[in-house]
$ cat coords_6.pdb   # PDB, C-alpha atoms
MODEL        1
ATOM      1  CA  MET E   1    -111.018 -24.509 -37.977  1.00  0.00           C
ATOM      2  CA  PHE E   2    -111.817 -28.221 -38.203  1.00  0.00           C
ATOM      3  CA  CYS E   3    -109.896 -31.027 -36.500  1.00  0.00           C
ATOM      4  CA  PRO E   4    -108.007 -33.013 -39.164  1.00  0.00           C
ATOM      5  CA  ASN E   5    -108.450 -36.193 -37.120  1.00  0.00           C
ATOM      6  CA  CYS E   6    -112.194 -36.297 -36.366  1.00  0.00           C
ATOM      7  CA  GLY E   7    -113.644 -33.302 -38.296  1.00  0.00           C
ATOM      8  CA  GLN E   8    -115.015 -31.514 -35.205  1.00  0.00           C
ATOM      9  CA  GLN E   9    -115.401 -27.762 -35.754  1.00  0.00           C
ATOM     10  CA  GLN E  10    -113.420 -25.835 -33.132  1.00  0.00           C
ATOM     11  CA  VAL E  11    -114.655 -22.733 -31.356  1.00  0.00           C
ATOM     12  CA  THR E  12    -111.515 -20.616 -31.918  1.00  0.00           C
ATOM     13  CA  GLN E  13    -108.317 -20.714 -33.947  1.00  0.00           C
ATOM     14  CA  GLU E  14    -106.205 -20.510 -30.767  1.00  0.00           C
ATOM     15  CA  ILE E  15    -107.379 -23.825 -29.263  1.00  0.00           C
ATOM     16  CA  LYS E  16    -104.489 -26.228 -28.544  1.00  0.00           C
ATOM     17  CA  PHE E  17    -106.364 -29.559 -28.506  1.00  0.00           C
ATOM     18  CA  CYS E  18    -109.517 -30.877 -30.204  1.00  0.00           C
ATOM     19  CA  SER E  19    -112.543 -30.771 -27.916  1.00  0.00           C
ATOM     20  CA  ARG E  20    -113.753 -34.166 -29.165  1.00  0.00           C
ATOM     21  CA  CYS E  21    -110.716 -36.416 -29.729  1.00  0.00           C
ATOM     22  CA  GLY E  22    -107.870 -34.490 -28.029  1.00  0.00           C
ATOM     23  CA  PHE E  23    -105.754 -34.213 -31.186  1.00  0.00           C
ATOM     24  CA  PRO E  24    -103.030 -31.529 -30.733  1.00  0.00           C
ATOM     25  CA  LEU E  25    -104.018 -28.545 -32.875  1.00  0.00           C
ATOM     26  CA  GLY E  26    -101.193 -26.129 -31.942  1.00  0.00           C
ATOM     27  CA  LEU E  27     -99.231 -26.721 -35.146  1.00  0.00           C
ATOM     28  CA  ILE E  28    -102.389 -26.761 -37.268  1.00  0.00           C
ATOM     29  CA  SER E  29    -103.362 -23.253 -36.175  1.00  0.00           C
ATOM     30  CA  GLU E  30     -99.775 -22.064 -36.699  1.00  0.00           C
ATOM     31  CA  ILE E  31     -99.731 -23.526 -40.210  1.00  0.00           C
ATOM     32  CA  LEU E  32    -103.046 -21.820 -41.006  1.00  0.00           C
ATOM     33  CA  ALA E  33    -101.822 -18.513 -39.553  1.00  0.00           C
ATOM     34  CA  HIS E  34     -98.669 -18.520 -41.719  1.00  0.00           C
ATOM     35  CA  GLY E  35    -100.270 -19.496 -45.014  1.00  0.00           C
ATOM     36  CA  GLY E  36     -99.386 -23.185 -45.014  1.00  0.00           C
ATOM     37  CA  PHE E  37     -95.775 -23.001 -43.786  1.00  0.00           C
ATOM     38  CA  LEU E  38     -94.120 -23.351 -40.410  1.00  0.00           C
ATOM     39  CA  PRO E  39     -91.728 -20.497 -39.571  1.00  0.00           C
ATOM     40  CA  GLN E  40     -89.396 -23.022 -37.920  1.00  0.00           C
ATOM     41  CA  LEU E  41     -88.783 -24.581 -41.337  1.00  0.00           C
ATOM     42  CA  ALA E  42     -88.023 -21.260 -43.029  1.00  0.00           C
ATOM     43  CA  GLU E  43     -84.302 -21.994 -43.291  1.00  0.00           C
ATOM     44  CA  LEU E  44     -85.102 -24.871 -45.659  1.00  0.00           C
ATOM     45  CA  TYR E  45     -86.513 -22.306 -48.068  1.00  0.00           C
ATOM     46  CA  LYS E  46     -83.695 -19.774 -47.875  1.00  0.00           C
ATOM     47  CA  SER E  47     -82.156 -18.576 -51.079  1.00  0.00           C
ATOM     48  CA  LYS E  48     -79.339 -20.727 -52.392  1.00  0.00           C
ATOM     49  CA  THR E  49     -75.858 -19.978 -51.177  1.00  0.00           C
ATOM     50  CA  LEU E  50     -73.119 -19.221 -53.678  1.00  0.00           C
ATOM     51  CA  PHE E  51     -70.581 -21.512 -52.007  1.00  0.00           C
ATOM     52  CA  SER E  52     -72.123 -24.953 -52.270  1.00  0.00           C
ATOM     53  CA  ARG E  53     -70.758 -28.296 -53.447  1.00  0.00           C
ATOM     54  CA  ARG E  54     -72.887 -28.206 -56.584  1.00  0.00           C
ATOM     55  CA  ASN E  55     -71.715 -24.721 -57.552  1.00  0.00           C
ATOM     56  CA  GLY E  56     -68.084 -25.732 -56.889  1.00  0.00           C
ATOM     57  CA  LEU E  57     -68.398 -28.681 -59.268  1.00  0.00           C
ATOM     58  CA  ILE E  58     -69.991 -26.488 -61.930  1.00  0.00           C
ATOM     59  CA  PHE E  59     -67.176 -23.935 -61.519  1.00  0.00           C
ATOM     60  CA  SER E  60     -64.632 -26.779 -61.869  1.00  0.00           C
ATOM     61  CA  LEU E  61     -66.245 -27.847 -65.138  1.00  0.00           C
ATOM     62  CA  PHE E  62     -66.238 -24.279 -66.506  1.00  0.00           C
ATOM     63  CA  TRP E  63     -62.583 -23.848 -65.424  1.00  0.00           C
ATOM     64  CA  PHE E  64     -61.636 -26.976 -67.381  1.00  0.00           C
ATOM     65  CA  MET E  65     -63.622 -25.933 -70.441  1.00  0.00           C
ATOM     66  CA  ILE E  66     -62.172 -22.400 -70.543  1.00  0.00           C
ATOM     67  CA  PHE E  67     -58.525 -23.352 -70.077  1.00  0.00           C
ATOM     68  CA  VAL E  68     -58.304 -26.705 -71.850  1.00  0.00           C
ATOM     69  CA  LEU E  69     -60.933 -26.467 -74.561  1.00  0.00           C
ATOM     70  CA  ILE E  70     -60.723 -22.738 -75.394  1.00  0.00           C
ATOM     71  CA  LEU E  71     -57.430 -21.103 -74.312  1.00  0.00           C
ATOM     72  CA  THR E  72     -55.155 -24.041 -75.184  1.00  0.00           C
ATOM     73  CA  PRO E  73     -56.284 -24.269 -78.856  1.00  0.00           C
ATOM     74  CA  LEU E  74     -56.302 -20.468 -79.220  1.00  0.00           C
ATOM     75  CA  SER E  75     -52.719 -20.185 -77.934  1.00  0.00           C
ATOM     76  CA  GLY E  76     -51.719 -23.017 -80.296  1.00  0.00           C
ATOM     77  CA  ILE E  77     -53.254 -21.144 -83.221  1.00  0.00           C
ATOM     78  CA  ALA E  78     -51.422 -17.956 -82.184  1.00  0.00           C
ATOM     79  CA  ASP E  79     -48.060 -19.859 -82.189  1.00  0.00           C
ATOM     80  CA  LEU E  80     -47.664 -19.546 -78.423  1.00  0.00           C
ATOM     81  CA  ASP E  81     -46.654 -23.172 -77.845  1.00  0.00           C
ATOM     82  CA  ASN E  82     -45.340 -22.626 -74.321  1.00  0.00           C
ATOM     83  CA  MET E  83     -48.571 -20.884 -73.300  1.00  0.00           C
ATOM     84  CA  ALA E  84     -50.646 -23.730 -74.762  1.00  0.00           C
ATOM     85  CA  GLY E  85     -48.893 -26.219 -72.471  1.00  0.00           C
ATOM     86  CA  ILE E  86     -49.235 -23.910 -69.465  1.00  0.00           C
ATOM     87  CA  PHE E  87     -52.969 -23.396 -70.145  1.00  0.00           C
ATOM     88  CA  ALA E  88     -53.492 -27.165 -70.480  1.00  0.00           C
ATOM     89  CA  ILE E  89     -51.714 -27.844 -67.170  1.00  0.00           C
ATOM     90  CA  ILE E  90     -53.474 -24.995 -65.349  1.00  0.00           C
ATOM     91  CA  GLY E  91     -56.867 -26.074 -66.728  1.00  0.00           C
ATOM     92  CA  THR E  92     -56.489 -29.760 -65.895  1.00  0.00           C
ATOM     93  CA  MET E  93     -54.825 -29.439 -62.499  1.00  0.00           C
ATOM     94  CA  GLY E  94     -56.928 -26.433 -61.498  1.00  0.00           C
ATOM     95  CA  SER E  95     -60.204 -28.189 -62.264  1.00  0.00           C
ATOM     96  CA  LEU E  96     -59.089 -31.268 -60.304  1.00  0.00           C
ATOM     97  CA  ILE E  97     -58.092 -29.135 -57.300  1.00  0.00           C
ATOM     98  CA  ILE E  98     -61.371 -27.217 -57.406  1.00  0.00           C
ATOM     99  CA  MET E  99     -63.341 -30.471 -57.678  1.00  0.00           C
ATOM    100  CA  VAL E 100     -61.575 -32.087 -54.695  1.00  0.00           C
ATOM    101  CA  ALA E 101     -61.921 -28.886 -52.641  1.00  0.00           C
ATOM    102  CA  SER E 102     -65.636 -28.766 -53.460  1.00  0.00           C
ATOM    103  CA  PHE E 103     -66.136 -32.274 -52.106  1.00  0.00           C
ATOM    104  CA  LEU E 104     -64.012 -31.727 -49.006  1.00  0.00           C
ATOM    105  CA  VAL E 105     -64.812 -28.157 -47.967  1.00  0.00           C
ATOM    106  CA  LEU E 106     -68.155 -27.046 -49.358  1.00  0.00           C
ATOM    107  CA  LYS E 107     -71.489 -28.212 -47.953  1.00  0.00           C
ATOM    108  CA  LYS E 108     -74.348 -29.733 -49.903  1.00  0.00           C
ATOM    109  CA  GLU E 109     -77.364 -27.549 -50.554  1.00  0.00           C
ATOM    110  CA  PRO E 110     -80.309 -28.431 -48.308  1.00  0.00           C
ATOM    111  CA  THR E 111     -83.077 -30.346 -50.012  1.00  0.00           C
ATOM    112  CA  LYS E 112     -85.939 -28.049 -50.864  1.00  0.00           C
ATOM    113  CA  PHE E 113     -89.363 -29.501 -50.198  1.00  0.00           C
ATOM    114  CA  ASP E 114     -91.944 -28.187 -52.622  1.00  0.00           C
ATOM    115  CA  ILE E 115     -95.409 -27.665 -51.188  1.00  0.00           C
ATOM    116  CA  PRO E 116     -98.052 -26.951 -53.814  1.00  0.00           C
ATOM    117  CA  GLN E 117     -99.841 -23.712 -52.987  1.00  0.00           C
ATOM    118  CA  ASN E 118    -103.212 -24.786 -54.357  1.00  0.00           C
ATOM    119  CA  SER E 119    -103.436 -27.807 -52.017  1.00  0.00           C
ATOM    120  CA  ILE E 120    -103.955 -25.541 -48.990  1.00  0.00           C
ATOM    121  CA  SER E 121    -107.490 -24.294 -48.791  1.00  0.00           C
ATOM    122  CA  ASN E 122    -109.173 -21.848 -46.429  1.00  0.00           C
ATOM    123  CA  SER E 123    -112.409 -23.830 -46.422  1.00  0.00           C
ATOM    124  CA  PRO E 124    -112.150 -27.306 -44.848  1.00  0.00           C
ATOM    125  CA  VAL E 125    -115.863 -27.867 -45.475  1.00  0.00           C
ATOM    126  CA  LYS E 126    -115.302 -27.435 -49.209  1.00  0.00           C
ATOM    127  CA  ASN E 127    -112.450 -29.991 -49.133  1.00  0.00           C
ATOM    128  CA  ILE E 128    -114.597 -32.480 -47.183  1.00  0.00           C
ATOM    129  CA  GLN E 129    -117.469 -32.086 -49.662  1.00  0.00           C
ATOM    130  CA  GLU E 130    -115.104 -32.545 -52.627  1.00  0.00           C
ATOM    131  CA  ALA E 131    -113.595 -35.629 -50.989  1.00  0.00           C
ATOM    132  CA  ASN E 132    -117.065 -37.107 -50.410  1.00  0.00           C
ATOM    133  CA  GLN E 133    -118.031 -36.602 -54.036  1.00  0.00           C
ATOM    134  CA  THR E 134    -115.014 -38.481 -55.364  1.00  0.00           C
ATOM    135  CA  ALA E 135    -114.414 -40.896 -52.469  1.00  0.00           C
ATOM    136  CA  LEU E 136    -116.225 -43.979 -53.815  1.00  0.00           C
ATOM    137  CA  PRO E 137    -117.336 -45.147 -57.232  1.00  0.00           C
ATOM    138  CA  PRO E 138    -121.062 -45.240 -57.947  1.00  0.00           C
ATOM    139  CA  GLN E 139    -122.983 -48.071 -56.311  1.00  0.00           C
ATOM    140  CA  GLN E 140    -123.302 -51.228 -58.383  1.00  0.00           C
ATOM    141  CA  THR E 141    -126.027 -53.722 -57.537  1.00  0.00           C
ATOM    142  CA  GLN E 142    -126.664 -57.359 -58.387  1.00  0.00           C
ATOM    143  CA  PRO E 143    -130.096 -58.821 -57.663  1.00  0.00           C
ATOM    144  CA  ALA E 144    -130.088 -61.775 -55.246  1.00  0.00           C
ATOM    145  CA  GLN E 145    -132.079 -63.922 -57.699  1.00  0.00           C
ATOM    146  CA  SER E 146    -129.271 -63.820 -60.264  1.00  0.00           C
ATOM    147  CA  TYR E 147    -126.635 -65.145 -57.806  1.00  0.00           C
ATOM    148  CA  ILE E 148    -125.266 -68.600 -58.607  1.00  0.00           C
ATOM    149  CA  PRO E 149    -122.779 -70.199 -56.170  1.00  0.00           C
ATOM    150  CA  PRO E 150    -119.424 -71.291 -57.574  1.00  0.00           C
ATOM    151  CA  VAL E 151    -119.165 -74.865 -58.802  1.00  0.00           C
ATOM    152  CA  ASN E 152    -116.563 -76.109 -56.309  1.00  0.00           C
ATOM    153  CA  SER E 153    -118.006 -74.278 -53.326  1.00  0.00           C
ATOM    154  CA  TRP E 154    -118.273 -75.964 -49.924  1.00  0.00           C
ATOM    155  CA  LYS E 155    -121.943 -74.973 -49.960  1.00  0.00           C
ATOM    156  CA  ALA E 156    -122.499 -76.793 -53.243  1.00  0.00           C
ATOM    157  CA  ALA E 157    -121.370 -80.100 -51.747  1.00  0.00           C
ATOM    158  CA  ASN E 158    -123.996 -82.253 -50.068  1.00  0.00           C
ATOM    159  CA  THR E 159    -122.590 -81.988 -46.552  1.00  0.00           C
ATOM    160  CA  GLY E 160    -125.744 -81.461 -44.494  1.00  0.00           C
ATOM    161  CA  ASP E 161    -123.951 -80.492 -41.244  1.00  0.00           C
ATOM    162  CA  LEU E 162    -121.819 -77.832 -42.885  1.00  0.00           C
ATOM    163  CA  VAL E 163    -124.687 -76.221 -44.735  1.00  0.00           C
ATOM    164  CA  HIS E 164    -127.245 -76.484 -41.909  1.00  0.00           C
ATOM    165  CA  PRO E 165    -125.441 -77.028 -38.606  1.00  0.00           C
ATOM    166  CA  ASN E 166    -127.399 -78.707 -35.853  1.00  0.00           C
ATOM    167  CA  SER E 167    -128.344 -76.829 -32.728  1.00  0.00           C
ATOM    168  CA  VAL E 168    -126.606 -77.417 -29.408  1.00  0.00           C
ATOM    169  CA  THR E 169    -129.605 -79.255 -27.978  1.00  0.00           C
ATOM    170  CA  GLU E 170    -129.722 -81.700 -30.906  1.00  0.00           C
ATOM    171  CA  GLU E 171    -126.054 -82.597 -30.433  1.00  0.00           C
ATOM    172  CA  THR E 172    -126.590 -83.039 -26.679  1.00  0.00           C
ATOM    173  CA  THR E 173    -129.604 -85.253 -27.309  1.00  0.00           C
ATOM    174  CA  LYS E 174    -127.572 -87.425 -29.704  1.00  0.00           C
ATOM    175  CA  LEU E 175    -124.838 -87.825 -27.101  1.00  0.00           C
ATOM    176  CA  LEU E 176    -127.361 -88.794 -24.425  1.00  0.00           C
ATOM    177  CA  ASN E 177    -129.017 -91.316 -26.742  1.00  0.00           C
ATOM    178  CA  ASN E 178    -125.603 -92.866 -27.515  1.00  0.00           C
ATOM    179  CA  GLU E 179    -124.859 -93.196 -23.796  1.00  0.00           C
ATOM    180  CA  MET E 180    -128.230 -94.838 -23.111  1.00  0.00           C
ATOM    181  CA  ASP E 181    -127.718 -97.303 -25.968  1.00  0.00           C
ATOM    182  CA  GLU E 182    -124.340 -98.319 -24.577  1.00  0.00           C
ATOM    183  CA  ASN E 183    -125.797 -98.999 -21.122  1.00  0.00           C
TER     184      ASN E 183
ENDMDL
END
$ encode --input "coords_6.pdb" --output "structure tokens"
Amino acid sequence: MFCPNCGQQQVTQEIKFCSRCGFPLGLISEILAHGGFLPQLAELYKSKTLFSRRNGLIFSLFWFMIFVLILTPLSGIADLDNMAGIFAIIGTMGSLIIMVASFLVLKKEPTKFDIPQNSISNSPVKNIQEANQTALPPQQTQPAQSYIPPVNSWKAANTGDLVHPNSVTEETTKLLNNEMDEN
């Protein structure tokens, strides 16, 4: 196993901290031992429950469609006018009650985090080599002779001191000469 922080190869899979940088490796070895997943997070990947808010809303929609859009017209065609009204009321009110109950009583489904299986590799060396091959674009060079400074550059101006600053001793000598001239 390699340390994900510094790349140091570890002696065993059971080591808790990196021998070079001290990075905690307890979870890393557990992730490797369980094929890329932590057992503590297994409840996030449980099968979906039947009684969830989403399923309640879908059931409410089907209830409305069956009673109002299917049974009401069929009972009207069969000359059962009283039943058509009853089906319309049951369909509309029933779907509203189911919808409100879904929001108030049922829980949301937990968000499922998808982890691609092919991103976990058994060979960290292979991943490091692949990363090095695609890490940077190919080197591009420009010969120094072809360099031309920009037109409005501070170096292009004729400012002697900025381009070639004087040494500390030259400045000190100038100050001393100015003091002697004043005396």
$ closest_residue --input "coords_6.pdb" --among "E:Thr169, E:Ser60, E:Gln13, E:Gln142" --to "Ser102 (chain E)" --atoms "all atoms listed in the file"
E:Ser60
$ resolve_selection --input "coords_6.pdb" --expression "the PyMOL selection byres ((chain E and resi 106) around 10)" --output "PDB file with C-alpha atoms, in the frame of the given file"
ATOM      1  CA  PHE E  51     -70.581 -21.512 -52.007  1.00  0.00           C
ATOM      2  CA  SER E  52     -72.123 -24.953 -52.270  1.00  0.00           C
ATOM      3  CA  ARG E  53     -70.758 -28.296 -53.447  1.00  0.00           C
ATOM      4  CA  ARG E  54     -72.887 -28.206 -56.584  1.00  0.00           C
ATOM      5  CA  ASN E  55     -71.715 -24.721 -57.552  1.00  0.00           C
ATOM      6  CA  GLY E  56     -68.084 -25.732 -56.889  1.00  0.00           C
ATOM      7  CA  VAL E 100     -61.575 -32.087 -54.695  1.00  0.00           C
ATOM      8  CA  ALA E 101     -61.921 -28.886 -52.641  1.00  0.00           C
ATOM      9  CA  SER E 102     -65.636 -28.766 -53.460  1.00  0.00           C
ATOM     10  CA  PHE E 103     -66.136 -32.274 -52.106  1.00  0.00           C
ATOM     11  CA  LEU E 104     -64.012 -31.727 -49.006  1.00  0.00           C
ATOM     12  CA  VAL E 105     -64.812 -28.157 -47.967  1.00  0.00           C
ATOM     13  CA  LYS E 107     -71.489 -28.212 -47.953  1.00  0.00           C
ATOM     14  CA  LYS E 108     -74.348 -29.733 -49.903  1.00  0.00           C
ATOM     15  CA  GLU E 109     -77.364 -27.549 -50.554  1.00  0.00           C
TER      16      GLU E 109
END
$ resolve_selection --input "coords_6.pdb" --expression "the PyMOL selection byres ((chain E and resi 18-27) around 12)" --output "PyMOL selection string"
chain E and resi 1-17+28-34+36-40
$ atom_distance --input "coords_6.pdb" --atom1 "CA of Thr92 (chain E)" --atom2 "CA of Ile58 (chain E)"
14.4 Å
$ resolve_selection --input "coords_6.pdb" --expression "the PyMOL selection byres ((chain E and resi 61) around 12)" --output "PyMOL selection string"
chain E and resi 54-60+62-69+91-99+102
$ axis_aligned_box --input "coords_6.pdb" --around "region 36-40 of chain E" --padding-each-side "6 Å" --output "JSON"
{"center_x": -94.4, "center_y": -21.9, "center_z": -41.5, "size_x": 22.0, "size_y": 14.9, "size_z": 19.1}
